[in-house]
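Peer 1: The following file, query.cif, comprises mmCIF, C-alpha atoms:
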data_target
#
loop_
_atom_site.label_atom_id
_atom_site.label_comp_id
_atom_site.auth_asym_id
_atom_site.auth_seq_id
_atom_site.Cartn_x
_atom_site.Cartn_y
_atom_site.Cartn_z
CA MET X 273 -18.58 94.96 -38.31
CA CYS X 274 -20.65 92.15 -39.71
CA ALA X 275 -23.44 93.35 -41.98
CA SER X 276 -25.58 90.40 -40.98
CA HIS X 277 -25.90 91.84 -37.47
CA LEU X 278 -27.46 95.01 -38.81
CA PHE X 279 -29.48 93.98 -41.87
CA PRO X 280 -31.21 90.77 -42.97
CA ALA X 281 -29.37 88.72 -45.58
CA PRO X 282 -30.45 89.43 -49.17
CA GLY X 283 -33.08 87.02 -50.45
CA ALA X 284 -33.71 85.66 -53.92
CA LYS X 285 -34.16 87.90 -56.95
CA ALA X 286 -37.91 88.51 -56.56
CA ALA X 287 -37.63 89.54 -52.92
CA LEU X 288 -34.57 91.66 -53.62
CA GLU X 289 -36.18 93.52 -56.51
CA GLU X 290 -39.85 93.65 -55.60
CA GLY X 291 -39.98 93.11 -51.86
CA THR X 292 -40.47 95.52 -48.99
CA LEU X 293 -37.52 94.29 -46.92
CA LEU X 294 -34.34 96.36 -46.91
CA THR X 295 -31.56 93.84 -47.49
CA PRO X 296 -28.60 95.84 -48.80
CA ARG X 297 -25.99 93.97 -50.78
CA PHE X 298 -22.58 95.05 -49.58
CA GLY X 299 -19.65 94.24 -51.86
CA THR X 300 -16.77 91.93 -51.02
CA ASP X 301 -15.13 95.02 -49.51
CA GLY X 302 -18.13 95.40 -47.18
CA LEU X 303 -19.26 98.61 -48.87
CA ILE X 304 -22.29 99.83 -50.77
CA THR X 305 -22.27 102.80 -53.17
CA CYS X 306 -24.19 105.88 -52.10
CA VAL X 307 -25.28 108.71 -54.40
CA THR X 308 -26.12 111.95 -52.63
CA THR X 309 -28.17 114.70 -54.23
CA ASP X 310 -29.54 118.02 -53.01
CA ALA X 311 -33.15 117.51 -51.92
CA GLU X 312 -34.20 120.92 -53.22
CA THR X 313 -32.34 121.29 -56.50
CA GLY X 314 -31.69 117.65 -57.41
CA GLU X 315 -28.01 118.50 -57.98
CA LEU X 316 -25.61 115.58 -57.69
CA LEU X 317 -23.42 116.46 -54.72
CA MET X 318 -21.19 113.44 -54.17
CA VAL X 319 -20.68 109.71 -54.53
CA ALA X 320 -19.46 107.91 -51.45
CA HIS X 321 -19.57 104.53 -49.77
CA MET X 322 -21.24 103.09 -46.72
CA ASP X 323 -20.40 100.03 -44.69
CA ALA X 324 -23.21 98.38 -42.74
CA ALA X 325 -22.52 100.49 -39.67
CA ALA X 326 -22.66 103.74 -41.67
CA PHE X 327 -25.91 102.71 -43.34
CA ALA X 328 -27.42 101.76 -39.99
CA LYS X 329 -26.32 105.05 -38.41
CA THR X 330 -27.85 106.98 -41.33
CA ILE X 331 -31.18 105.21 -40.76
CA GLU X 332 -30.94 105.70 -37.00
CA THR X 333 -29.97 109.38 -36.98
CA GLY X 334 -31.48 110.75 -40.18
CA GLU X 335 -28.09 112.23 -41.05
CA ALA X 336 -25.63 110.93 -43.64
CA TRP X 337 -22.87 108.66 -42.39
CA TYR X 338 -20.34 107.14 -44.77
CA TRP X 339 -17.28 104.93 -44.67
CA SER X 340 -14.21 106.95 -45.53
CA ARG X 341 -12.09 104.73 -47.74
CA SER X 342 -9.14 107.14 -47.60
CA ARG X 343 -9.14 107.38 -43.82
CA GLY X 344 -10.45 103.88 -43.20
CA GLU X 345 -13.03 105.01 -40.68
CA LEU X 346 -16.71 105.69 -40.09
CA TRP X 347 -17.46 109.23 -41.23
CA HIS X 348 -20.27 111.41 -39.94
CA LYS X 349 -20.38 113.89 -42.81
CA GLY X 350 -20.14 117.42 -41.50
CA ALA X 351 -19.07 116.51 -37.97
CA THR X 352 -16.03 118.76 -38.28
CA SER X 353 -17.04 121.04 -41.19
CA GLY X 354 -20.60 121.70 -40.06
CA GLN X 355 -21.84 120.47 -43.46
CA ILE X 356 -24.20 117.97 -41.86
CA GLN X 357 -26.47 116.25 -44.39
CA THR X 358 -30.02 115.73 -43.16
CA VAL X 359 -31.76 112.99 -45.11
CA ALA X 360 -35.02 114.11 -46.71
CA GLU X 361 -35.52 110.87 -48.61
CA MET X 362 -33.66 107.62 -49.04
CA ARG X 363 -33.99 105.12 -51.89
CA VAL X 364 -32.38 101.86 -52.97
CA ASP X 365 -31.96 100.50 -56.46
CA CYS X 366 -33.38 97.36 -58.01
CA ASP X 367 -30.80 94.90 -56.73
CA GLN X 368 -30.13 96.83 -53.53
CA ASP X 369 -26.45 97.43 -54.14
CA ALA X 370 -26.77 101.21 -54.32
CA VAL X 371 -28.34 103.84 -52.06
CA TRP X 372 -29.63 107.28 -52.99
CA LEU X 373 -29.81 110.01 -50.36
CA LYS X 374 -31.64 113.27 -50.99
CA VAL X 375 -30.25 115.64 -48.40
CA ARG X 376 -30.39 119.15 -47.00
CA VAL X 377 -26.91 120.44 -46.28
CA ALA X 378 -26.24 122.51 -43.15
CA GLY X 379 -23.36 124.87 -42.41
CA ASP X 380 -22.17 126.77 -45.45
CA GLY X 381 -24.07 124.39 -47.72
CA GLY X 382 -20.92 122.90 -49.19
CA CYS X 383 -20.15 119.28 -49.76
CA CYS X 384 -16.77 118.86 -51.45
CA HIS X 385 -13.49 119.01 -49.49
CA THR X 386 -12.19 121.43 -52.17
CA GLY X 387 -14.74 123.96 -50.96
CA ARG X 388 -17.22 123.53 -53.79
CA ARG X 389 -20.87 122.83 -53.30
CA SER X 390 -20.68 119.63 -55.39
CA CYS X 391 -17.77 117.27 -56.02
CA PHE X 392 -18.71 117.19 -59.72
CA TYR X 393 -17.35 120.59 -60.70
CA ARG X 394 -15.53 119.48 -63.86
CA ARG X 395 -17.02 118.55 -67.20
CA VAL X 396 -15.29 116.15 -69.58
CA ASP X 397 -15.02 117.91 -72.93
CA ILE X 398 -14.11 115.84 -75.96
CA SER X 399 -12.30 117.43 -78.85
CA ASP X 400 -10.87 115.38 -81.72
CA GLY X 401 -11.61 112.30 -79.64
CA ARG X 402 -9.44 113.52 -76.76
CA PRO X 403 -10.94 114.29 -73.34
CA THR X 404 -10.02 117.31 -71.27
CA LEU X 405 -11.54 118.64 -68.07
CA ALA X 406 -13.15 122.06 -67.79
CA LEU X 407 -14.67 123.82 -64.80
CA THR X 408 -18.45 124.06 -65.02
CA MET W 10 -7.32 95.49 -70.20
CA CYS W 11 -4.74 97.72 -68.58
CA ALA W 12 -6.10 101.16 -67.71
CA SER W 13 -2.69 102.69 -68.32
CA HIS W 14 -3.03 101.94 -72.01
CA LEU W 15 -6.17 104.04 -72.27
CA PHE W 16 -5.75 106.85 -69.74
CA PRO W 17 -2.75 108.65 -68.23
CA ALA W 18 -1.84 107.62 -64.70
CA PRO W 19 -3.35 109.81 -61.97
CA GLY W 20 -1.01 112.56 -60.80
CA ALA W 21 -0.62 114.19 -57.40
CA LYS W 22 -3.53 115.69 -55.49
CA ALA W 23 -3.40 119.16 -57.09
CA ALA W 24 -3.39 117.80 -60.65
CA LEU W 25 -6.07 115.25 -59.81
CA GLU W 26 -8.40 117.80 -58.25
CA GLU W 27 -7.70 121.01 -60.14
CA GLY W 28 -6.10 119.89 -63.40
CA THR W 29 -7.51 119.60 -66.90
CA LEU W 30 -6.21 116.08 -67.55
CA LEU W 31 -8.67 113.19 -67.31
CA THR W 32 -6.88 110.58 -65.20
CA PRO W 33 -9.61 108.31 -63.82
CA ARG W 34 -8.80 106.36 -60.69
CA PHE W 35 -10.02 102.81 -61.15
CA GLY W 36 -10.33 100.70 -58.00
CA THR W 37 -8.36 97.58 -57.21
CA ASP W 38 -11.10 95.75 -59.11
CA GLY W 39 -10.34 97.87 -62.17
CA LEU W 40 -13.69 99.67 -61.98
CA ILE W 41 -14.91 103.22 -61.50
CA THR W 42 -18.40 104.13 -60.26
CA CYS W 43 -20.73 105.78 -62.75
CA VAL W 44 -23.89 107.73 -61.87
CA THR W 45 -26.31 108.15 -64.74
CA THR W 46 -29.06 110.77 -64.75
CA ASP W 47 -31.64 111.88 -67.28
CA ALA W 48 -30.28 114.92 -69.14
CA GLU W 49 -33.72 116.54 -69.33
CA THR W 50 -35.28 115.84 -65.95
CA GLY W 51 -32.20 115.30 -63.79
CA GLU W 52 -33.73 112.04 -62.50
CA LEU W 53 -31.28 109.49 -61.16
CA LEU W 54 -31.59 106.54 -63.51
CA MET W 55 -28.93 104.06 -62.42
CA VAL W 56 -25.59 103.47 -60.77
CA ALA W 57 -23.20 101.23 -62.64
CA HIS W 58 -19.50 100.60 -63.13
CA MET W 59 -17.01 101.13 -65.91
CA ASP W 60 -13.68 99.51 -66.53
CA ALA W 61 -11.13 101.46 -68.57
CA ALA W 62 -12.37 99.96 -71.83
CA ALA W 63 -15.99 100.91 -71.09
CA PHE W 64 -14.99 104.46 -70.15
CA ALA W 65 -12.89 104.78 -73.33
CA LYS W 66 -15.74 103.41 -75.48
CA THR W 67 -18.14 105.92 -73.88
CA ILE W 68 -15.80 108.79 -74.78
CA GLU W 69 -15.23 107.40 -78.28
CA THR W 70 -18.86 106.69 -79.18
CA GLY W 71 -20.84 109.23 -77.14
CA GLU W 72 -23.00 106.38 -75.86
CA ALA W 73 -22.88 104.78 -72.41
CA TRP W 74 -20.80 101.63 -72.05
CA TYR W 75 -20.44 99.89 -68.70
CA TRP W 76 -18.79 96.84 -67.22
CA SER W 77 -21.43 94.33 -66.21
CA ARG W 78 -20.28 92.88 -62.91
CA SER W 79 -22.98 90.20 -62.98
CA ARG W 80 -22.13 89.01 -66.48
CA GLY W 81 -18.43 89.84 -66.30
CA GLU W 82 -18.40 91.57 -69.66
CA LEU W 83 -18.30 94.89 -71.46
CA TRP W 84 -21.87 96.18 -71.74
CA HIS W 85 -23.14 98.56 -74.41
CA LYS W 86 -26.26 99.73 -72.63
CA GLY W 87 -29.29 99.31 -74.87
CA ALA W 88 -27.58 97.13 -77.47
CA THR W 89 -30.27 94.49 -77.03
CA SER W 90 -33.10 96.51 -75.41
CA GLY W 91 -32.86 99.56 -77.65
CA GLN W 92 -32.46 101.72 -74.54
CA ILE W 93 -29.27 103.31 -75.85
CA GLN W 94 -28.02 106.14 -73.66
CA THR W 95 -26.62 109.07 -75.62
CA VAL W 96 -24.31 111.18 -73.49
CA ALA W 97 -25.32 114.83 -73.29
CA GLU W 98 -22.70 115.71 -70.68
CA MET W 99 -20.04 113.89 -68.74
CA ARG W 100 -18.43 114.97 -65.48
CA VAL W 101 -15.89 113.59 -63.01
CA ASP W 102 -15.65 114.20 -59.30
CA CYS W 103 -12.90 115.86 -57.30
CA ASP W 104 -10.60 112.86 -56.95
CA GLN W 105 -11.63 111.32 -60.28
CA ASP W 106 -12.95 108.07 -58.87
CA ALA W 107 -16.54 108.65 -59.99
CA VAL W 108 -18.14 109.59 -63.31
CA TRP W 109 -21.47 111.31 -63.92
CA LEU W 110 -23.27 110.81 -67.22
CA LYS W 111 -26.25 112.95 -68.20
CA VAL W 112 -27.97 110.95 -70.90
CA ARG W 113 -30.87 110.86 -73.34
CA VAL W 114 -32.44 107.41 -73.41
CA ALA W 115 -33.61 105.91 -76.70
CA GLY W 116 -36.09 103.10 -77.32
CA ASP W 117 -38.93 103.04 -74.81
CA GLY W 118 -37.02 105.44 -72.53
CA GLY W 119 -36.51 102.81 -69.84
CA CYS W 120 -33.37 102.03 -67.96
CA CYS W 121 -33.98 99.35 -65.34
CA HIS W 122 -34.05 95.66 -66.22
CA THR W 123 -37.31 95.40 -64.22
CA GLY W 124 -38.97 97.61 -66.83
CA ARG W 125 -38.99 100.82 -64.85
CA ARG W 126 -37.61 104.07 -66.10
CA SER W 127 -35.21 104.35 -63.13
CA CYS W 128 -33.61 101.65 -61.00
CA PHE W 129 -34.42 103.71 -57.89
CA TYR W 130 -38.14 102.95 -57.67
CA ARG W 131 -38.25 102.15 -53.97
CA ARG W 132 -38.10 104.54 -51.06
CA VAL W 133 -36.77 103.52 -47.66
CA ASP W 134 -39.41 104.43 -45.11
CA ILE W 135 -38.44 104.41 -41.45
CA SER W 136 -41.04 103.71 -38.82
CA ASP W 137 -40.13 103.15 -35.17
CA GLY W 138 -36.52 103.00 -36.30
CA ARG W 139 -37.20 100.11 -38.67
CA PRO W 140 -36.72 100.47 -42.42
CA THR W 141 -39.15 99.14 -45.01
CA LEU W 142 -39.28 99.64 -48.76
CA ALA W 143 -42.19 101.29 -50.55
CA LEU W 144 -42.77 101.90 -54.23
CA THR W 145 -42.46 105.56 -55.18
#
As structure tokens - that is how I would like this structure written.
Peer 2:
Amino acid sequence: MCASHLFPAPGAKAALEEGTLLTPRFGTDGLITCVTTDAETGELLMVAHMDAAAFAKTIETGEAWYWSRSRGELWHKGATSGQIQTVAEMRVDCDQDAVWLKVRVAGDGGCCHTGRRSCFYRRVDISDGRPTLALT
Amino acid sequence: MCASHLFPAPGAKAALEEGTLLTPRFGTDGLITCVTTDAETGELLMVAHMDAAAFAKTIETGEAWYWSRSRGELWHKGATSGQIQTVAEMRVDCDQDAVWLKVRVAGDGGCCHTGRRSCFYRRVDISDGRPTLALT
């Protein structure tokens, strides 16, 4: 799907950074990065990607839609798991190439396909300059 | 720089998701997404990208290094602005294609090149199905 059918083309730097028009800048792969946090706790739940259609559906429905890079398809988060994400607030960053969703999670409240609440369940510990992963 | 010189190659799904080995999955562009939050407040400060060298430098120095896509160069955040980001905690997500840095910001405490503390200073408001941006 062509992003230009769903969102206005990005303008110059001043409009992009200080304007009131939503003109998301999708990458050459047609995707924009989305950071999703829990609206109540602020916890980082996941990082995912949206194509223009997913971003438009999120705006239209008030629920999080992503583009699944692994499956290569539009992804209504929670459609099968029940872990629907209702958007409490949406933000964009300075140059409009990243989106931030603050969400309330339905179903069992989980987010990660491994069954955890957040995808970021491992900390990088550094010992003698060498990184290892540890469960948080 | 070849990622394989700095990090082990990603293993199979079980090792990737449940293992203790840091094996970041860089995209076809050689980059991994990094989410940076304030270690004290939890505030989302920025979304940026790291190549293998930036990720390795972050681990080595305990300060945030990114790959600047706009300038096409390794970027020691704060080297010119004084807004050095000291890493308080680092995490990776389930499939190791995203990094989360919790940082303490030096200098004036800012992060965004527009002068704001966070890059996410605009909310997407939706009225009659149409999105507009508003300062938070």
Peer 1: Would you compute the box with edges along x, y and z of the file around range 277-292 of chain X, including every atom the file lists for it and 5 Å extra on each side, and give its centre and edge lengths in Å to one decimal, as JSON?
Peer 2:
{"center_x": -33.2, "center_y": 90.6, "center_z": -47.2, "size_x": 24.6, "size_y": 19.9, "size_z": 29.5}
Peer 1: Find the residues around range 32-46 of chain W up to 8 Å (only C-alpha atoms counted), leave out those fewer than 3 positions away in its own chain, and share them as a list in words.
Peer 2: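 So the residues in contact are Val307 of chain X; Ala12, Phe16, Pro17, Ala18, Pro19, Gly20, Leu25, Gly51, Glu52, Leu53, Leu54, Met55, Val56, Ala57, His58, Met59, Asp60, Ala61, Trp76, Asp104, Gln105, Asp106, Ala107, Val108, Trp109, Leu110, Lys111 and Val112 of chain W.
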Peer 1: Could you write those residues out with C-alpha atoms, as a CSV table (one decimal), keeping the file's coordinate frame?
Peer 2:
chain,number,residue,atom,x,y,z
X,307,VAL,CA,-25.3,108.7,-54.4
W,12,ALA,CA,-6.1,101.2,-67.7
W,16,PHE,CA,-5.8,106.8,-69.7
W,17,PRO,CA,-2.8,108.6,-68.2
W,18,ALA,CA,-1.8,107.6,-64.7
W,19,PRO,CA,-3.4,109.8,-62.0
W,20,GLY,CA,-1.0,112.6,-60.8
W,25,LEU,CA,-6.1,115.2,-59.8
W,51,GLY,CA,-32.2,115.3,-63.8
W,52,GLU,CA,-33.7,112.0,-62.5
W,53,LEU,CA,-31.3,109.5,-61.2
W,54,LEU,CA,-31.6,106.5,-63.5
W,55,MET,CA,-28.9,104.1,-62.4
W,56,VAL,CA,-25.6,103.5,-60.8
W,57,ALA,CA,-23.2,101.2,-62.6
W,58,HIS,CA,-19.5,100.6,-63.1
W,59,MET,CA,-17.0,101.1,-65.9
W,60,ASP,CA,-13.7,99.5,-66.5
W,61,ALA,CA,-11.1,101.5,-68.6
W,76,TRP,CA,-18.8,96.8,-67.2
W,104,ASP,CA,-10.6,112.9,-57.0
W,105,GLN,CA,-11.6,111.3,-60.3
W,106,ASP,CA,-13.0,108.1,-58.9
W,107,ALA,CA,-16.5,108.6,-60.0
W,108,VAL,CA,-18.1,109.6,-63.3
W,109,TRP,CA,-21.5,111.3,-63.9
W,110,LEU,CA,-23.3,110.8,-67.2
W,111,LYS,CA,-26.2,113.0,-68.2
W,112,VAL,CA,-28.0,111.0,-70.9
Peer 1: Expressed in Å to a single decimal, how great is the separation between CA of Asp380 in chain X and CA of Tyr338 in chain X?
Peer 2: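 That distance, rounded to one decimal, is 19.7 Å.
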Peer 1: Could you tell me which residues the PyMOL selection byres ((chain W) within 8 of (chain X)) grabs in this file, written as a PyMOL selection string?
Peer 2: chain W and resi 28-31+44+51-52+55-56+68-69+98-103+107+109+121+123+128-135+138+140-143
Peer 1: Could you tell me how far CA of Thr95 in chain W lies from CA of Ala24 in chain W, in Å and to one decimal?
Peer 2: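 Taking CA of Thr95 in chain W and CA of Ala24 in chain W, their separation equals 29.0 Å.
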